[in-house]
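Shown next: coords-v1.cif, given as mmCIF, C-alpha atoms.
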data_upload
#
loop_
_atom_site.label_atom_id
_atom_site.label_comp_id
_atom_site.auth_asym_id
_atom_site.auth_seq_id
_atom_site.Cartn_x
_atom_site.Cartn_y
_atom_site.Cartn_z
CA MET A 26 169.93 -73.33 135.60
CA THR A 27 171.85 -76.46 134.63
CA SER A 28 175.61 -76.86 134.99
CA SER A 29 176.03 -76.64 131.21
CA GLU A 30 174.04 -73.41 131.04
CA ARG A 31 176.08 -71.97 133.91
CA ASP A 32 179.35 -72.84 132.13
CA ASN A 33 178.11 -71.26 128.89
CA LYS A 34 177.04 -68.10 130.71
CA THR A 35 180.40 -67.88 132.49
CA PHE A 36 182.25 -68.37 129.19
CA GLU A 37 180.11 -65.73 127.49
CA THR A 38 180.66 -63.23 130.30
CA LYS A 39 184.43 -63.83 130.42
CA VAL A 40 184.76 -63.47 126.64
CA ALA A 41 182.70 -60.26 126.59
CA ASN A 42 184.82 -58.78 129.40
CA LEU A 43 188.04 -59.83 127.65
CA ILE A 44 187.00 -58.25 124.36
CA ALA A 45 185.88 -55.05 126.09
CA ALA A 46 189.17 -54.83 128.02
CA THR A 47 191.29 -55.25 124.86
CA ARG A 48 189.30 -52.94 122.60
CA HIS A 49 191.88 -50.14 122.78
CA LEU A 50 195.07 -52.19 123.26
CA GLU A 51 197.86 -52.47 120.71
CA ILE A 52 198.91 -55.83 119.23
CA PRO A 53 202.02 -56.28 121.46
CA GLN A 54 199.91 -55.69 124.57
CA ILE A 55 197.28 -58.18 123.39
CA LEU A 56 200.00 -60.78 122.75
CA VAL A 57 201.34 -60.33 126.29
CA LEU A 58 197.81 -60.77 127.65
CA ARG A 59 197.43 -63.89 125.48
CA ARG A 60 200.59 -65.40 126.94
CA LEU A 61 199.38 -64.77 130.50
CA THR A 62 195.87 -66.05 129.84
CA MET A 63 197.00 -69.22 128.07
CA THR A 64 199.24 -70.14 131.03
CA ASP A 65 196.86 -69.08 133.80
CA PRO A 66 195.26 -72.10 135.56
CA GLU A 67 192.27 -69.92 136.43
CA SER A 68 191.47 -69.54 132.74
CA ARG A 69 191.04 -73.30 132.42
CA ARG A 70 187.99 -73.10 134.65
CA TRP A 71 185.98 -71.37 131.94
CA ALA A 72 187.70 -72.25 128.64
CA ASN A 73 190.04 -74.78 127.05
CA ASP A 74 193.10 -74.06 124.90
CA LYS A 75 191.18 -74.22 121.65
CA GLN A 76 188.51 -71.79 122.84
CA LEU A 77 191.06 -69.32 124.21
CA ALA A 78 193.04 -69.45 120.97
CA ALA A 79 189.87 -68.72 118.97
CA VAL A 80 188.95 -65.79 121.22
CA PHE A 81 192.40 -64.19 120.91
CA THR A 82 192.37 -64.73 117.14
CA VAL A 83 189.20 -62.61 116.95
CA ILE A 84 190.67 -59.97 119.30
CA LEU A 85 193.91 -59.75 117.29
CA THR A 86 191.97 -59.59 114.00
CA LYS A 87 190.06 -56.58 115.29
CA ALA A 88 193.34 -54.97 116.38
CA VAL A 89 194.74 -55.52 112.87
CA GLU A 90 191.66 -53.79 111.42
CA ARG A 91 192.32 -50.81 113.69
CA ILE A 92 195.93 -50.34 112.56
CA GLY A 93 195.23 -51.00 108.88
CA LEU A 94 196.24 -53.77 106.48
CA ASP A 95 199.14 -51.80 104.96
CA ARG A 96 200.94 -51.59 108.29
CA PHE A 97 200.20 -55.26 109.01
CA ARG A 98 201.50 -56.27 105.57
CA GLU A 99 204.75 -54.37 106.21
CA ALA A 100 205.14 -56.10 109.57
CA ARG A 101 204.78 -59.51 107.91
CA LEU A 102 207.69 -58.69 105.58
CA ARG A 103 209.81 -58.30 108.74
CA ASN A 104 208.44 -61.50 110.32
CA PHE A 105 206.26 -59.33 112.62
CA ALA A 106 209.33 -58.20 114.60
CA PRO A 107 207.89 -54.67 115.27
CA MET A 108 204.77 -56.20 116.84
CA LEU A 109 206.33 -58.90 119.03
CA PRO A 110 206.67 -58.10 122.75
CA GLN A 111 209.84 -58.92 124.63
CA GLY A 112 210.14 -62.36 126.16
CA PRO A 113 211.66 -65.82 125.72
CA ALA A 114 212.38 -67.01 122.20
CA GLU A 115 209.70 -69.70 122.44
CA ALA A 116 207.05 -67.14 123.40
CA ARG A 117 208.07 -64.80 120.55
CA ASP A 118 207.99 -67.69 118.08
CA GLU A 119 204.47 -68.58 119.21
CA ASP A 120 203.38 -64.93 118.88
CA ALA A 121 204.82 -64.79 115.36
CA ARG A 122 203.03 -68.03 114.46
CA VAL A 123 199.67 -66.64 115.65
CA LEU A 124 200.15 -63.41 113.68
CA ALA A 125 201.23 -65.39 110.62
CA GLU A 126 198.02 -67.43 110.71
CA ILE A 127 195.93 -64.25 110.95
CA ALA A 128 197.93 -62.70 108.11
CA THR A 129 197.31 -65.74 105.90
CA GLN A 130 193.61 -65.54 106.73
CA ILE A 131 193.34 -61.81 105.97
CA LEU A 132 196.08 -61.16 103.38
CA GLY A 133 196.48 -64.60 101.81
CA PRO A 134 199.68 -66.70 101.75
CA PRO A 135 202.97 -64.78 101.96
CA PRO A 136 204.73 -64.07 98.65
CA MET A 137 207.59 -66.43 97.80
CA SER A 138 211.08 -65.23 97.03
CA GLU A 139 212.60 -65.75 93.56
CA ALA A 140 214.72 -68.67 94.84
CA GLU A 141 211.67 -70.34 96.39
CA THR A 142 209.68 -69.85 93.19
CA ALA A 143 212.48 -71.39 91.08
CA GLN A 144 212.89 -74.31 93.49
CA GLN A 145 209.15 -74.97 93.47
CA GLY A 146 209.13 -74.96 89.66
CA PHE A 147 212.08 -77.36 89.51
CA GLU A 148 210.41 -79.76 91.97
CA ARG A 149 207.23 -79.63 89.90
CA LEU A 150 209.18 -80.59 86.76
CA LEU A 151 210.86 -83.51 88.53
CA ALA A 152 207.49 -84.72 89.77
CA LEU A 153 206.19 -84.97 86.20
CA GLY A 154 208.57 -87.86 85.35
CA PRO A 155 209.01 -89.41 81.90
CA ALA A 156 205.51 -90.93 81.67
CA ALA A 157 203.10 -89.53 79.10
CA PRO A 158 200.17 -87.60 80.49
CA GLY A 159 196.94 -89.52 80.99
CA PRO A 160 193.58 -88.65 79.46
CA ARG A 161 192.06 -85.31 80.43
CA THR A 162 189.27 -85.53 82.95
CA ALA A 163 186.69 -82.96 83.92
CA ARG A 164 187.33 -81.52 87.32
CA GLN A 165 184.96 -79.64 89.54
CA GLN A 166 186.30 -76.50 91.15
CA SER A 167 185.60 -76.37 94.86
CA PRO A 168 184.09 -73.14 96.16
CA ILE A 169 186.50 -70.67 97.69
CA LYS A 170 186.19 -70.42 101.44
CA GLU A 171 185.76 -66.92 102.74
CA PRO A 172 187.83 -65.66 105.66
CA PRO A 173 187.43 -65.52 108.55
CA PRO A 174 186.15 -69.11 108.93
CA LEU A 175 185.03 -68.52 112.51
CA PHE A 176 181.95 -66.71 111.30
CA ALA A 177 180.43 -69.95 110.04
CA ALA A 178 179.74 -70.88 113.65
CA GLN A 179 177.18 -68.10 114.00
CA LEU A 180 175.29 -68.63 110.77
CA GLY A 181 173.37 -71.85 111.40
CA PRO A 182 170.95 -72.75 114.16
CA ASN A 183 172.93 -75.86 115.16
CA SER A 184 176.48 -74.52 115.07
CA GLY A 185 176.58 -71.64 117.56
CA ILE A 186 179.30 -71.77 120.22
CA LEU A 187 177.08 -70.20 122.88
CA PRO A 188 173.30 -70.24 123.35
CA PRO A 189 172.04 -66.64 122.98
CA ALA A 190 170.24 -65.05 125.89
CA LYS A 191 166.49 -64.60 125.67
CA LEU A 192 166.03 -60.92 124.89
CA ARG A 193 162.86 -58.91 124.57
CA ALA A 194 163.92 -56.65 121.71
CA MET A 195 162.12 -54.36 119.39
CA GLY A 196 162.04 -56.08 116.00
CA ALA A 197 160.19 -56.00 112.71
CA GLU A 198 157.13 -58.25 112.44
CA ALA A 199 155.46 -59.94 109.49
CA SER A 200 153.04 -57.72 107.63
CA GLY A 201 149.33 -57.96 108.38
CA ASP A 202 148.43 -59.37 104.99
CA GLY A 203 150.41 -62.56 105.69
CA LYS A 204 153.20 -61.85 103.20
CA PRO A 205 156.71 -62.54 104.52
CA ILE A 206 158.98 -59.57 105.09
CA ASP A 207 162.15 -59.66 103.01
CA PHE A 208 165.40 -59.89 104.93
CA ASP A 209 166.70 -56.46 103.85
CA SER A 210 163.66 -54.70 105.28
CA LEU A 211 163.71 -56.75 108.48
CA PHE A 212 167.45 -56.15 108.93
CA ASP A 213 167.13 -52.38 108.59
CA GLU A 214 163.95 -52.01 110.63
CA THR A 215 165.19 -54.21 113.47
CA ILE A 216 168.52 -52.42 113.93
CA CYS A 217 166.98 -48.96 113.48
CA GLY A 218 164.16 -49.84 115.87
CA TYR A 219 166.48 -51.15 118.55
CA SER A 220 168.84 -48.15 118.32
CA ARG A 221 165.77 -45.88 118.46
CA LYS A 222 164.74 -47.62 121.69
CA ILE A 223 168.21 -47.22 123.25
CA LEU A 224 168.48 -43.53 122.35
CA GLY A 225 164.93 -43.01 123.61
CA LEU A 226 166.01 -44.27 127.04
CA LEU A 227 168.92 -41.78 127.10
CA ARG A 228 167.03 -38.86 125.57
CA ALA A 229 166.47 -35.82 127.78
CA THR A 230 162.82 -34.73 127.97
CA GLY A 231 163.07 -31.67 130.20
CA ASP A 232 163.99 -28.03 129.62
CA THR A 233 167.40 -27.25 128.11
CA LYS A 234 168.13 -24.76 130.95
CA GLY A 235 170.02 -22.64 128.44
CA VAL A 236 172.64 -25.37 127.89
CA ARG A 237 173.51 -26.90 124.51
CA MET A 238 172.85 -30.60 124.95
CA PRO A 239 175.43 -33.28 124.13
CA PHE A 240 174.33 -35.40 121.17
CA ILE A 241 173.68 -38.56 123.21
CA VAL A 242 170.81 -36.98 125.18
CA ALA A 243 169.57 -34.53 122.51
CA PRO A 244 166.02 -35.39 121.30
CA GLU A 245 166.91 -34.43 117.72
CA PHE A 246 169.91 -36.74 117.45
CA GLY A 247 167.87 -39.96 117.27
CA THR A 248 166.46 -39.04 113.85
CA CYS A 249 169.92 -38.09 112.57
CA TYR A 250 171.44 -41.35 113.85
CA GLU A 251 168.78 -43.39 112.08
CA GLU A 252 169.45 -41.53 108.83
CA ILE A 253 173.16 -42.35 109.18
CA LEU A 254 172.27 -46.02 109.61
CA ARG A 255 169.95 -46.12 106.59
CA ARG A 256 172.27 -44.17 104.27
CA PHE A 257 175.82 -45.01 105.33
CA VAL A 258 175.85 -48.20 107.43
CA LEU A 259 173.13 -50.76 106.77
CA PRO A 260 173.09 -50.94 102.93
CA GLN A 261 176.83 -51.62 102.82
CA MET A 262 176.52 -54.20 105.60
CA ARG A 263 173.79 -56.07 103.72
CA ALA A 264 176.04 -56.22 100.65
CA SER A 265 178.69 -58.20 102.56
CA ARG A 266 178.92 -61.95 102.02
CA HIS A 267 178.60 -62.67 105.74
CA ILE A 268 175.25 -60.88 106.04
CA GLN A 269 174.00 -62.42 102.78
CA SER A 270 174.85 -65.84 104.21
CA LEU A 271 173.01 -64.94 107.40
CA ALA A 272 169.95 -64.00 105.32
CA ASN A 273 169.70 -67.61 104.11
CA SER A 274 170.25 -69.20 107.53
CA TYR A 275 166.76 -68.74 109.01
CA ASN A 276 163.14 -68.36 108.03
CA TRP A 277 163.09 -64.69 108.99
CA ALA A 278 159.35 -64.28 108.47
CA GLU A 279 158.97 -66.87 111.25
CA VAL A 280 161.73 -65.94 113.72
CA GLY A 281 161.38 -62.16 113.23
CA GLY A 282 163.68 -59.39 114.38
CA ASP A 283 164.13 -60.85 117.87
CA LYS A 284 166.47 -63.47 116.42
CA LEU A 285 168.65 -60.80 114.86
CA ILE A 286 168.98 -58.96 118.18
CA GLU A 287 169.84 -62.27 119.86
CA ILE A 288 172.67 -62.79 117.38
CA ILE A 289 173.95 -59.24 117.86
CA GLN A 290 173.96 -59.42 121.65
CA GLY A 291 174.65 -63.12 122.08
CA SER A 292 178.43 -62.88 121.93
CA GLU A 293 181.18 -60.69 120.49
CA VAL A 294 182.96 -63.82 119.23
CA ASN A 295 182.09 -65.12 115.74
CA ASN A 296 179.49 -62.38 115.30
CA PRO A 297 178.97 -61.56 111.60
CA VAL A 298 176.67 -58.60 112.30
CA LEU A 299 178.97 -56.84 114.78
CA HIS A 300 182.03 -57.54 112.61
CA ASN A 301 180.51 -55.78 109.61
CA TRP A 302 178.95 -53.13 111.84
CA ASP A 303 182.35 -52.19 113.31
CA THR A 304 183.94 -52.23 109.84
CA ARG A 305 181.39 -49.74 108.52
CA TRP A 306 181.84 -47.33 111.43
CA GLY A 307 185.61 -47.68 111.14
CA ALA A 308 185.38 -46.45 107.53
CA PHE A 309 184.22 -43.05 108.85
CA ARG A 310 187.60 -42.40 110.47
CA SER A 311 190.19 -40.18 108.79
CA GLN A 312 193.34 -41.98 107.65
CA LYS A 313 196.94 -40.76 107.65
CA VAL A 314 198.36 -41.41 104.18
CA GLY A 315 201.82 -40.25 103.19
CA GLY A 316 201.99 -37.67 105.96
CA LYS A 317 198.59 -36.23 105.02
CA ILE A 318 195.20 -36.73 106.63
CA ARG A 319 192.67 -38.21 104.21
CA LYS A 320 189.08 -37.63 105.28
CA PRO A 321 186.19 -39.96 104.37
CA LYS A 322 184.33 -39.19 101.15
CA GLY A 323 181.01 -40.06 99.55
CA ASP A 324 179.24 -43.00 101.20
CA ASP A 325 181.91 -43.09 103.90
CA ASN A 326 181.39 -39.52 105.12
CA PRO A 327 178.37 -38.93 107.37
CA TRP A 328 179.97 -36.01 109.23
CA PRO A 329 178.51 -33.17 107.11
CA LEU A 330 175.04 -34.60 107.77
CA VAL A 331 175.75 -34.80 111.52
CA ASN A 332 177.13 -31.26 111.75
CA GLU A 333 174.26 -29.81 109.75
CA ASP A 334 171.68 -31.54 111.94
CA ALA A 335 173.46 -30.45 115.13
CA THR A 336 173.43 -26.83 113.97
CA ARG A 337 169.75 -27.07 113.13
CA GLY A 338 168.88 -28.85 116.40
CA ASN A 339 171.27 -26.79 118.56
CA TYR A 340 173.05 -29.75 120.13
CA ARG A 341 176.74 -30.62 120.37
CA PRO A 342 177.53 -33.07 117.55
CA PRO A 343 179.61 -36.24 117.80
CA GLY A 344 182.96 -36.39 116.04
CA GLU A 345 185.46 -39.07 115.13
CA GLU A 346 186.54 -39.25 118.78
CA HIS A 347 183.01 -40.48 119.60
CA LEU A 348 182.92 -43.33 117.05
CA GLN A 349 183.15 -46.00 119.75
CA ILE A 350 179.99 -44.67 121.43
CA LEU A 351 178.13 -44.62 118.11
CA GLN A 352 179.21 -48.24 117.53
CA ASP A 353 178.23 -49.40 121.00
CA ILE A 354 174.60 -48.24 120.87
CA ILE A 355 173.28 -51.57 119.55
CA ARG A 356 175.48 -53.45 122.04
CA TRP A 357 173.68 -51.98 125.06
CA GLU A 358 170.78 -53.95 126.56
CA ALA A 359 167.57 -51.94 126.51
CA ASP A 360 166.05 -53.83 129.44
CA SER A 361 169.02 -53.07 131.70
CA LEU A 362 169.01 -49.37 130.83
CA ALA A 363 165.25 -49.12 131.36
CA LYS A 364 165.47 -50.87 134.75
CA ALA A 365 168.30 -48.58 135.88
CA TRP A 366 166.50 -45.38 134.88
CA ARG A 367 163.25 -46.51 136.58
CA GLU A 368 165.15 -47.05 139.81
CA LEU A 369 166.88 -43.67 139.52
CA CYS A 370 163.52 -41.94 138.97
CA GLN A 371 162.20 -43.58 142.16
CA LEU A 372 165.30 -42.60 144.14
CA TYR A 373 165.04 -39.00 142.94
CA GLU A 374 161.39 -38.81 143.95
CA GLN A 375 162.02 -40.39 147.36
CA GLU A 376 164.96 -38.08 148.11
CA PHE A 377 163.76 -34.77 146.71
CA SER A 378 159.93 -34.90 146.56
CA PRO A 379 158.45 -37.94 148.33
CA ASN A 380 154.66 -38.26 148.29
CA ALA A 381 152.52 -38.96 151.33
CA ARG A 382 152.91 -42.72 150.98
CA GLN A 383 156.68 -42.67 150.70
CA GLU A 384 159.35 -42.43 153.35
CA GLN A 385 161.93 -39.82 152.39
CA ALA A 386 165.20 -41.38 151.24
CA ARG A 387 168.44 -40.41 152.93
CA GLU A 388 170.51 -37.56 151.50
CA GLY A 389 172.75 -38.79 148.70
CA ALA A 390 170.57 -41.78 147.76
CA PHE A 391 170.11 -40.53 144.20
CA ARG A 392 173.83 -39.81 143.83
CA ASP A 393 174.75 -43.27 145.10
CA GLY A 394 172.17 -44.84 142.80
CA ILE A 395 173.85 -43.30 139.76
CA MET A 396 177.26 -44.55 140.87
CA LYS A 397 175.88 -48.04 141.52
CA TRP A 398 174.51 -48.30 137.99
CA ALA A 399 177.65 -46.67 136.56
CA SER A 400 179.61 -49.64 137.90
CA LYS A 401 177.10 -52.23 136.64
CA LEU A 402 176.26 -50.88 133.19
CA PRO A 403 178.60 -50.43 130.20
CA GLU A 404 181.17 -47.66 130.16
CA HIS A 405 179.82 -44.06 130.03
CA ILE A 406 176.18 -44.94 130.84
CA GLY A 407 176.54 -43.48 134.35
CA GLU A 408 177.74 -40.22 132.81
CA PHE A 409 174.84 -40.13 130.36
CA PHE A 410 172.31 -40.69 133.16
CA THR A 411 173.88 -37.85 135.16
CA ILE A 412 173.59 -35.50 132.17
CA LYS A 413 170.02 -36.63 131.43
CA ALA A 414 169.08 -36.03 135.09
CA TYR A 415 170.32 -32.44 134.82
CA PHE A 416 167.72 -31.72 132.14
CA ASP A 417 164.89 -33.98 133.34
CA PHE A 418 164.82 -33.30 137.10
CA PRO A 419 164.18 -29.77 138.43
CA ARG A 420 166.20 -30.28 141.63
CA ILE A 421 169.32 -31.44 139.78
CA ASP A 422 171.35 -28.32 139.05
CA GLY A 423 174.90 -27.40 138.07
CA GLN A 424 176.14 -27.67 141.66
CA PHE A 425 174.84 -31.23 142.02
CA THR A 426 176.30 -32.21 138.62
CA ARG A 427 179.73 -30.81 139.49
CA ARG A 428 179.74 -32.70 142.78
CA GLN A 429 178.70 -35.85 140.96
CA LEU A 430 181.73 -35.55 138.69
CA THR A 431 184.02 -35.73 141.73
CA ASN A 432 182.76 -39.27 142.39
CA PHE A 433 184.43 -40.44 139.16
CA GLY A 434 187.98 -39.62 140.30
CA ARG A 435 190.18 -37.89 142.86
CA SER A 436 191.85 -35.47 140.46
CA ASP A 437 190.94 -33.62 137.28
CA PRO A 438 193.05 -35.88 135.00
CA GLU A 439 191.52 -38.99 136.60
CA ARG A 440 187.97 -37.64 136.18
CA ARG A 441 188.67 -36.68 132.58
CA ARG A 442 189.76 -40.24 131.85
CA ALA A 443 186.97 -41.96 133.79
CA ALA A 444 184.09 -39.69 132.73
CA PRO A 445 185.08 -37.69 129.62
CA PHE A 446 181.51 -36.84 128.57
CA LEU A 447 180.47 -35.60 132.00
CA TYR A 448 183.76 -33.74 132.45
CA ASP A 449 183.26 -31.88 129.18
CA PHE A 450 179.60 -31.22 129.99
CA VAL A 451 180.45 -29.66 133.34
CA GLN A 452 182.90 -27.26 131.67
CA HIS A 453 179.99 -25.77 129.69
CA LEU A 454 177.55 -25.38 132.58
CA PRO A 455 176.63 -21.84 133.62
CA ASP A 456 177.95 -20.68 136.99
#
Rendering of file as structure tokens:
Amino acid sequence: MTSSERDNKTFETKVANLIAATRHLEIPQILVLRRLTMTDPESRRWANDKQLAAVFTVILTKAVERIGLDRFREARLRNFAPMLPQGPAEARDEDARVLAEIATQILGPPPMSEAETAQQGFERLLALGPAAPGPRTARQQSPIKEPPPLFAAQLGPNSGILPPAKLRAMGAEASGDGKPIDFDSLFDETICGYSRKILGLLRATGDTKGVRMPFIVAPEFGTCYEEILRRFVLPQMRASRHIQSLANSYNWAEVGGDKLIEIIQGSEVNNPVLHNWDTRWGAFRSQKVGGKIRKPKGDDNPWPLVNEDATRGNYRPPGEEHLQILQDIIRWEADSLAKAWRELCQLYEQEFSPNARQEQAREGAFRDGIMKWASKLPEHIGEFFTIKAYFDFPRIDGQFTRRQLTNFGRSDPERRRAAPFLYDFVQHLPD
């Protein structure tokens, strides 16, 4: 690996960790983190000022989407005072400037006061002068640039900030008769196929043991999730200008679905697919309007479908509190999950039922294997593997699963925070 490739990989890893760490933070907390990062000499080892500013612009934009544009618009009227953390005047001015740039990008320029409007009109009249107007000339109107401009970096083969990793992903291929596949079909089939692969790796294949499965390991949920994608998520994504621009950026019949998965998993920054993906899932969240809770309707309401399928399949359905998990499915790397589960299967066999050619593993090897992968893989995967093991492996029972939960924290509140899915699952296990 060359020095340039190492630097790019370090930058990509740092940015991904930064975005993951700020996913649930409020705007004032993100601004404090921005101040610290921009002044930290250690940060200069993997990014310059311009790159760090671009990363935090994306992070803050996502935070604005979480709180809603109405609240952000109200904050701008007050010069963002409610969102500025405490600190020196210079730091607060810089924070306000950053938020103002994002507001201009998302909401457009701020409205002028009546005095400013009158002054601008007066200056325009003075600029006219006494000279007679010249002949009229035809003028071409330049195309309107679409916010956010950062997305342009991902759309062309020569303008990406980071080189995407080589991924072996499930994607749509050209049809056997030699005709090129249209982008809409490739887009849907690639994302559905990849999510199908991820859920297949988490799906429980053993007996239910009289327990109602959580949705993430339930065999029936994969079909329901794909229907949600095809009906509520992907069509609206394809209608966005960013995805339409992406459709014209490559010869998709030649590069296939692998290229799309590379774009999705290459970087969280400047990612047109993930941006529109998160926006669609965010539309399924209830909103508080005027003191009342307004639930999603029509094409923004997949919950009746989910609840009906869960009743029919006898599994515990996801709700709005699980939206982040439903969003993260296409972010997970299939190869990493498959490698982890293969190792866990080997550890289980060596500890609980070694064959004649195997040396029996020490007691606790399987438990430690789960915790090792829980620390290496994305959040919650260790919990999901523990729950899957309960159904798939005969020697993994309720007692083992309860003991496993204790490895995620010293107290009940700590375990509930660190492993909410496993904590809830254990509460429903038979004695």
Expansion of the PyMOL selection byres ((chain A and resi 355-370) around 8) into residues, as a PDB file with C-alpha atoms, in the frame of the given file:
ATOM      1  CA  ARG A 193     162.860 -58.910 124.570  1.00  0.00           C
ATOM      2  CA  ALA A 194     163.920 -56.650 121.710  1.00  0.00           C
ATOM      3  CA  ILE A 216     168.520 -52.420 113.930  1.00  0.00           C
ATOM      4  CA  TYR A 219     166.480 -51.150 118.550  1.00  0.00           C
ATOM      5  CA  SER A 220     168.840 -48.150 118.320  1.00  0.00           C
ATOM      6  CA  LYS A 222     164.740 -47.620 121.690  1.00  0.00           C
ATOM      7  CA  ILE A 223     168.210 -47.220 123.250  1.00  0.00           C
ATOM      8  CA  LEU A 226     166.010 -44.270 127.040  1.00  0.00           C
ATOM      9  CA  ILE A 289     173.950 -59.240 117.860  1.00  0.00           C
ATOM     10  CA  GLN A 290     173.960 -59.420 121.650  1.00  0.00           C
ATOM     11  CA  GLN A 352     179.210 -48.240 117.530  1.00  0.00           C
ATOM     12  CA  ASP A 353     178.230 -49.400 121.000  1.00  0.00           C
ATOM     13  CA  ILE A 354     174.600 -48.240 120.870  1.00  0.00           C
ATOM     14  CA  GLN A 371     162.200 -43.580 142.160  1.00  0.00           C
ATOM     15  CA  LEU A 372     165.300 -42.600 144.140  1.00  0.00           C
ATOM     16  CA  TYR A 373     165.040 -39.000 142.940  1.00  0.00           C
ATOM     17  CA  GLU A 374     161.390 -38.810 143.950  1.00  0.00           C
ATOM     18  CA  PHE A 391     170.110 -40.530 144.200  1.00  0.00           C
ATOM     19  CA  GLY A 394     172.170 -44.840 142.800  1.00  0.00           C
ATOM     20  CA  ILE A 395     173.850 -43.300 139.760  1.00  0.00           C
ATOM     21  CA  TRP A 398     174.510 -48.300 137.990  1.00  0.00           C
ATOM     22  CA  LEU A 402     176.260 -50.880 133.190  1.00  0.00           C
ATOM     23  CA  PRO A 403     178.600 -50.430 130.200  1.00  0.00           C
ATOM     24  CA  PHE A 410     172.310 -40.690 133.160  1.00  0.00           C
TER      25      PHE A 410
END
| task | For the file shown, report as a ChimeraX atom specification the outcome of the PyMOL selection byres ((chain A and resi 341) around 10) at residue level. | result | /A:237-243,246,331-332,334-336,338-340,342-344
| query | Any idea what's packed within 7 Å of stretch 321-329 of chain A, counting all atoms listed in the file, ignoring anything in its chain fewer than 4 positions away? Could you give it as a ChimeraX atom specification? | reply | /A:253,257,308-311,333
Keeping only C-alpha atoms, take the residues you just selected and write them out as a tab-separated table (two decimals), in the coordinates of the input.
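The resulting selection.tsv:
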chain	number	residue	atom	x	y	z
A	253	ILE	CA	173.16	-42.35	109.18
A	257	PHE	CA	175.82	-45.01	105.33
A	308	ALA	CA	185.38	-46.45	107.53
A	309	PHE	CA	184.22	-43.05	108.85
A	310	ARG	CA	187.60	-42.40	110.47
A	311	SER	CA	190.19	-40.18	108.79
A	333	GLU	CA	174.26	-29.81	109.75
| task | Choose the residue, out of A:Glu404, A:Glu345, A:Glu279, A:Asp417, that has the smallest atom-to-atom separation from A:Arg442; count only C-alpha atoms. | result | A:Glu404
| Given the PyMOL selection byres ((chain A and resi 447-454) around 7), the residues it picks as a ChimeraX atom specification | /A:236,408,412,423,427,430,440-441,444-446,455-456
| query | How far is it from atom CA of A:Asp95 to atom CA of A:Leu330, in Å with one decimal? | reply |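 Distance reported for this atom pair: 29.7 Å.
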| So, counting only C-alpha atoms, which residue among A:Ala278, A:Val314, A:Ala116, A:Leu124 is closest to A:Asn104? | A:Leu124
| field | Residue nearest A:His300 - candidates A:Gln424, A:Lys87, A:Thr431, A:Gly133, atoms counted: all atoms listed in the file | value |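 Using all atoms listed in the file, the shortest distance to A:His300 belongs to A:Lys87.
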| task | Measure the distance from atom CA of A:Leu56 to atom CA of A:Gly307 in Å and round it to one decimal. | result |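 A separation of 22.7 Å between them.
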| field | Sphere at (165.2, -35.2, 123.2), radius 7 Å, counting only C-alpha atoms: residues as a PyMOL selection string | value | chain A and resi 228-230+242-245
Taking C-alpha atoms for each residue, export the selection above as a compact mmCIF listing (two decimals), in the frame of the given file.
# COMPACT_ATOMS: atom_id res chain seq x y z
CA ARG A 228 167.03 -38.86 125.57
CA ALA A 229 166.47 -35.82 127.78
CA THR A 230 162.82 -34.73 127.97
CA VAL A 242 170.81 -36.98 125.18
CA ALA A 243 169.57 -34.53 122.51
CA PRO A 244 166.02 -35.39 121.30
CA GLU A 245 166.91 -34.43 117.72
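Atom CA of A:Val89 lies 10.8 Å from atom CA of A:Met108.
Counting all atoms listed in the file and comparing A:Gly389, A:Pro110, A:Gly218, A:Gly291, the residue that lies closest to A:Tyr250 is A:Gly218.
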